[in-house]
>>> print(open('query_37.txt').read())   # compact mmCIF, C-alpha atoms
# COMPACT_ATOMS: atom_id res chain seq x y z
CA MET A 1 -21.35 90.82 -26.50
CA LYS A 2 -20.96 88.49 -29.41
CA ASP A 3 -17.56 87.66 -28.09
CA ARG A 4 -18.93 86.89 -24.69
CA LEU A 5 -21.65 84.80 -26.19
CA ARG A 6 -19.12 82.93 -28.27
CA GLU A 7 -16.97 82.46 -25.22
CA ALA A 8 -19.96 81.21 -23.25
CA LEU A 9 -20.87 78.81 -26.10
CA ASN A 10 -17.29 77.61 -26.29
CA LYS A 11 -17.22 77.25 -22.54
CA ASN A 12 -20.57 75.42 -22.65
CA SER A 13 -19.26 73.15 -25.39
CA GLU A 14 -16.11 72.45 -23.38
CA LEU A 15 -18.19 71.77 -20.29
CA SER A 16 -20.49 69.42 -22.28
CA GLN A 17 -17.45 67.55 -23.57
CA ALA A 18 -16.00 67.42 -20.08
CA LEU A 19 -19.36 66.17 -18.76
CA GLU A 20 -19.49 63.49 -21.47
CA GLU A 21 -15.91 62.47 -20.72
CA SER A 22 -16.79 62.42 -17.03
CA ARG A 23 -19.78 60.12 -17.76
CA GLN A 24 -17.59 57.86 -19.87
CA ASN A 25 -14.97 57.85 -17.13
CA GLU A 26 -17.65 57.02 -14.55
CA SER A 27 -18.88 54.16 -16.76
CA THR A 28 -15.31 52.93 -17.17
CA ILE A 29 -14.75 53.22 -13.41
CA ASN A 30 -17.95 51.23 -12.77
CA ASP A 31 -16.87 48.55 -15.26
CA LEU A 32 -13.41 48.42 -13.69
CA THR A 33 -14.93 48.27 -10.19
CA ASN A 34 -17.14 45.36 -11.26
CA ARG A 35 -14.16 43.58 -12.78
CA VAL A 36 -12.09 44.16 -9.63
CA GLU A 37 -14.94 42.76 -7.49
CA LYS A 38 -15.18 39.70 -9.75
CA LEU A 39 -11.40 39.25 -9.59
CA GLN A 40 -11.51 39.56 -5.80
CA CYS A 41 -14.22 36.86 -5.65
CA THR A 42 -12.13 34.68 -7.94
CA LEU A 43 -9.08 35.36 -5.80
CA PHE A 44 -10.93 34.47 -2.58
CA ASP A 45 -12.28 31.31 -4.22
CA ARG A 46 -8.81 30.32 -5.40
CA GLU A 47 -7.34 31.05 -1.97
CA ALA A 48 -9.99 28.82 -0.38
CA ARG A 49 -9.30 26.08 -2.92
CA LEU A 50 -5.56 26.47 -2.37
CA GLU A 51 -6.09 26.15 1.40
CA LYS A 52 -8.10 22.97 0.84
CA ALA A 53 -5.43 21.65 -1.53
CA LEU A 54 -2.70 22.36 1.01
CA ASN A 55 -4.71 20.58 3.72
CA LEU A 56 -5.23 17.63 1.39
CA LYS A 57 -1.53 17.64 0.57
CA ASP A 58 -0.72 17.48 4.29
CA GLU A 59 -3.20 14.62 4.75
CA ILE A 60 -1.73 12.79 1.75
CA ASN A 61 1.81 13.28 3.05
CA THR A 62 0.77 11.95 6.46
CA ALA A 63 -0.99 8.97 4.84
CA ASN A 64 2.04 8.31 2.63
CA SER A 65 4.34 8.42 5.63
CA THR A 66 2.08 5.99 7.48
CA LEU A 67 1.96 3.71 4.45
CA ARG A 68 5.75 3.82 4.10
CA ASP A 69 6.07 2.83 7.76
CA GLN A 70 3.59 0.01 7.24
CA VAL A 71 5.44 -1.17 4.12
CA SER A 72 8.70 -1.17 6.08
CA ASP A 73 7.04 -3.16 8.87
CA LEU A 74 5.62 -5.61 6.33
CA LYS A 75 9.00 -6.01 4.66
CA ARG A 76 10.62 -6.77 8.02
CA GLU A 77 7.82 -9.23 8.85
CA SER A 78 8.14 -10.79 5.40
CA GLU A 79 11.88 -11.24 5.88
CA ARG A 80 11.33 -12.76 9.33
CA LEU A 81 8.73 -15.14 7.89
CA ARG A 82 11.07 -16.03 5.03
CA VAL A 83 13.81 -16.92 7.52
CA ASP A 84 11.29 -18.89 9.64
CA ASN A 85 10.11 -20.68 6.51
CA GLU A 86 13.69 -21.60 5.56
CA GLN A 87 14.28 -22.92 9.07
CA LEU A 88 11.02 -24.89 9.02
CA GLN A 89 11.90 -26.27 5.59
CA GLN A 90 15.27 -27.40 6.95
CA VAL A 91 13.59 -29.02 9.98
CA TYR A 92 11.13 -30.72 7.62
CA ASN A 93 13.95 -31.97 5.40
CA ASP A 94 15.85 -33.25 8.44
CA LEU A 95 12.72 -35.01 9.75
CA LEU A 96 12.01 -36.49 6.33
CA ALA A 97 15.58 -37.83 6.10
CA ARG A 98 15.30 -39.22 9.64
CA TYR A 99 11.94 -40.80 8.73
CA GLU A 100 13.50 -42.48 5.70
CA VAL A 101 16.36 -43.82 7.83
CA LEU A 102 13.96 -45.05 10.52
CA SER A 103 11.65 -46.54 7.91
CA THR A 104 14.56 -48.47 6.41
CA GLU A 105 15.67 -49.58 9.88
CA TYR A 106 12.09 -50.65 10.68
CA GLU A 107 11.86 -52.70 7.46
CA ASP A 108 15.22 -54.29 8.27
CA LEU A 109 14.02 -55.09 11.79
CA GLN A 110 10.81 -56.60 10.43
CA LYS A 111 12.80 -58.79 8.05
CA SER A 112 15.19 -59.74 10.84
CA SER A 113 12.26 -60.47 13.18
CA LEU A 114 10.63 -62.64 10.52
CA MET A 115 13.88 -64.51 9.99
CA HIS A 116 14.24 -65.03 13.74
CA GLU A 117 10.63 -66.21 13.99
CA ASN A 118 11.25 -68.67 11.16
CA GLU A 119 14.43 -69.85 12.83
CA LEU A 120 12.63 -70.13 16.18
CA SER A 121 9.88 -72.15 14.52
CA LYS A 122 12.47 -74.44 12.99
CA LEU A 123 14.16 -74.82 16.35
CA LYS A 124 10.81 -75.55 18.04
CA ARG A 125 10.00 -78.19 15.43
CA SER A 126 13.46 -79.62 15.75
CA LEU A 127 13.11 -79.63 19.54
CA GLU A 128 9.71 -81.24 19.32
CA GLY A 129 11.14 -83.84 16.91
CA SER A 130 14.06 -84.49 19.27
CA GLU A 131 11.73 -84.82 22.22
CA GLN A 132 9.52 -87.22 20.34
CA ASP A 133 12.61 -89.21 19.36
CA ARG A 134 13.71 -89.31 22.97
CA LEU A 135 10.28 -90.43 24.14
CA ARG A 136 10.30 -93.29 21.71
>>> encode(input="query_37.txt", output="structure tokens")
Amino acid sequence: MKDRLREALNKNSELSQALEESRQNESTINDLTNRVEKLQCTLFDREARLEKALNLKDEINTANSTLRDQVSDLKRESERLRVDNEQLQQVYNDLLARYEVLSTEYEDLQKSSLMHENELSKLKRSLEGSEQDRLR
């Protein structure tokens, strides 16, 4: 009977240890389950943020493409305006040169006209003097 009692005590001790280990395992399982749940929440949050980031990346790429197109358009327009400006500058220079020529010609014509007027006045006076001489 002592042997059976010893066996029962040993068995009881083993069962107590197994029960304690089982409680510790259950606590560890609960801790691990909580950690897994937290990691899943973190994972879902990161997936949502990644989805937003990818959407933003697509929007940025679209905006960049649009901006590149606009920059190309502006460069073409700038080049066209530069060519127009060069042409207008050339027309201006040509007109300025023509103005200077015409201005010089006008001054020459004024001088010539003044000389002719002076000569005409002299001729008129001379004619008047000749007519007066003839009348006398």
>>> axis_aligned_box(input="query_37.txt", around="range 17-33 of chain A", padding_each_side="8 Å", output="lines of an AutoDock Vina configuration file")
center_x = -16.6
center_y = 57.9
center_z = -16.9
size_x = 22.4
size_y = 35.3
size_z = 29.4
>>> atom_distance(input="query_37.txt", atom1="CA of Arg46 in chain A", atom2="CA of Asp31 in chain A")
22.2 Å
>>> atom_distance(input="query_37.txt", atom1="CA of Leu102 in chain A", atom2="CA of Glu117 in chain A")
21.7 Å
>>> decode(input="query_37.txt", residues="range 88-99 of chain A", atoms="all heavy atoms", output="compact mmCIF listing (two decimals), in the first residue's frame")
# COMPACT_ATOMS: atom_id res chain seq x y z
N LEU A 88 10.57 89.72 -85.72
CA LEU A 88 10.09 91.08 -85.43
C LEU A 88 11.27 92.04 -85.23
O LEU A 88 11.21 93.20 -85.66
CB LEU A 88 9.19 91.08 -84.19
CG LEU A 88 7.81 90.47 -84.37
CD1 LEU A 88 7.11 90.36 -83.03
CD2 LEU A 88 6.97 91.29 -85.35
N GLN A 89 12.32 91.58 -84.59
CA GLN A 89 13.50 92.41 -84.40
C GLN A 89 14.11 92.77 -85.75
O GLN A 89 14.52 93.92 -85.97
CB GLN A 89 14.54 91.68 -83.52
CG GLN A 89 15.73 92.52 -83.16
CD GLN A 89 15.37 93.71 -82.27
OE1 GLN A 89 14.59 93.58 -81.34
NE2 GLN A 89 15.92 94.87 -82.57
N GLN A 90 14.14 91.80 -86.66
CA GLN A 90 14.68 92.07 -87.99
C GLN A 90 13.81 93.07 -88.74
O GLN A 90 14.31 93.99 -89.38
CB GLN A 90 14.80 90.75 -88.80
CG GLN A 90 15.47 90.93 -90.14
CD GLN A 90 16.89 91.48 -90.02
OE1 GLN A 90 17.67 91.02 -89.19
NE2 GLN A 90 17.23 92.48 -90.82
N VAL A 91 12.47 92.90 -88.64
CA VAL A 91 11.56 93.86 -89.28
C VAL A 91 11.76 95.24 -88.69
O VAL A 91 11.83 96.24 -89.41
CB VAL A 91 10.09 93.39 -89.12
CG1 VAL A 91 9.12 94.50 -89.48
CG2 VAL A 91 9.83 92.14 -89.95
N TYR A 92 11.90 95.31 -87.35
CA TYR A 92 12.14 96.59 -86.69
C TYR A 92 13.43 97.22 -87.19
O TYR A 92 13.47 98.42 -87.50
CB TYR A 92 12.18 96.39 -85.17
CG TYR A 92 12.61 97.63 -84.43
CD1 TYR A 92 11.73 98.68 -84.21
CD2 TYR A 92 13.93 97.76 -83.96
CE1 TYR A 92 12.13 99.84 -83.55
CE2 TYR A 92 14.34 98.91 -83.30
CZ TYR A 92 13.44 99.93 -83.09
OH TYR A 92 13.84 101.07 -82.45
N ASN A 93 14.50 96.42 -87.24
CA ASN A 93 15.79 96.94 -87.71
C ASN A 93 15.68 97.44 -89.15
O ASN A 93 16.23 98.50 -89.49
CB ASN A 93 16.87 95.87 -87.60
CG ASN A 93 17.24 95.57 -86.15
OD1 ASN A 93 16.96 96.35 -85.25
ND2 ASN A 93 17.85 94.42 -85.93
N ASP A 94 14.97 96.66 -90.00
CA ASP A 94 14.78 97.09 -91.39
C ASP A 94 14.00 98.40 -91.45
O ASP A 94 14.35 99.31 -92.22
CB ASP A 94 14.04 96.01 -92.19
CG ASP A 94 14.88 94.75 -92.39
OD1 ASP A 94 16.10 94.79 -92.13
OD2 ASP A 94 14.30 93.72 -92.79
N LEU A 95 12.93 98.50 -90.65
CA LEU A 95 12.12 99.73 -90.64
C LEU A 95 12.92 100.91 -90.10
O LEU A 95 12.80 102.03 -90.60
CB LEU A 95 10.85 99.54 -89.80
CG LEU A 95 9.78 98.64 -90.42
CD1 LEU A 95 8.66 98.39 -89.42
CD2 LEU A 95 9.23 99.26 -91.70
N LEU A 96 13.74 100.66 -89.09
CA LEU A 96 14.57 101.73 -88.53
C LEU A 96 15.57 102.22 -89.57
O LEU A 96 15.75 103.44 -89.74
CB LEU A 96 15.30 101.23 -87.28
CG LEU A 96 16.12 102.25 -86.51
CD1 LEU A 96 15.24 103.40 -86.02
CD2 LEU A 96 16.83 101.59 -85.33
N ALA A 97 16.19 101.28 -90.29
CA ALA A 97 17.14 101.67 -91.35
C ALA A 97 16.40 102.45 -92.44
O ALA A 97 16.91 103.47 -92.93
CB ALA A 97 17.81 100.43 -91.93
N ARG A 98 15.22 101.98 -92.82
CA ARG A 98 14.43 102.68 -93.84
C ARG A 98 14.04 104.07 -93.36
O ARG A 98 14.07 105.03 -94.13
CB ARG A 98 13.18 101.85 -94.18
CG ARG A 98 12.32 102.43 -95.25
CD ARG A 98 13.01 102.32 -96.61
NE ARG A 98 12.14 102.90 -97.62
CZ ARG A 98 12.55 103.68 -98.58
NH1 ARG A 98 13.83 103.94 -98.71
NH2 ARG A 98 11.71 104.17 -99.44
N TYR A 99 13.68 104.17 -92.06
CA TYR A 99 13.33 105.47 -91.49
C TYR A 99 14.52 106.43 -91.58
O TYR A 99 14.37 107.60 -91.94
CB TYR A 99 12.88 105.31 -90.04
CG TYR A 99 12.75 106.63 -89.31
CD1 TYR A 99 11.65 107.44 -89.51
CD2 TYR A 99 13.77 107.06 -88.45
CE1 TYR A 99 11.54 108.66 -88.85
CE2 TYR A 99 13.67 108.27 -87.80
CZ TYR A 99 12.55 109.07 -88.00
OH TYR A 99 12.45 110.29 -87.36
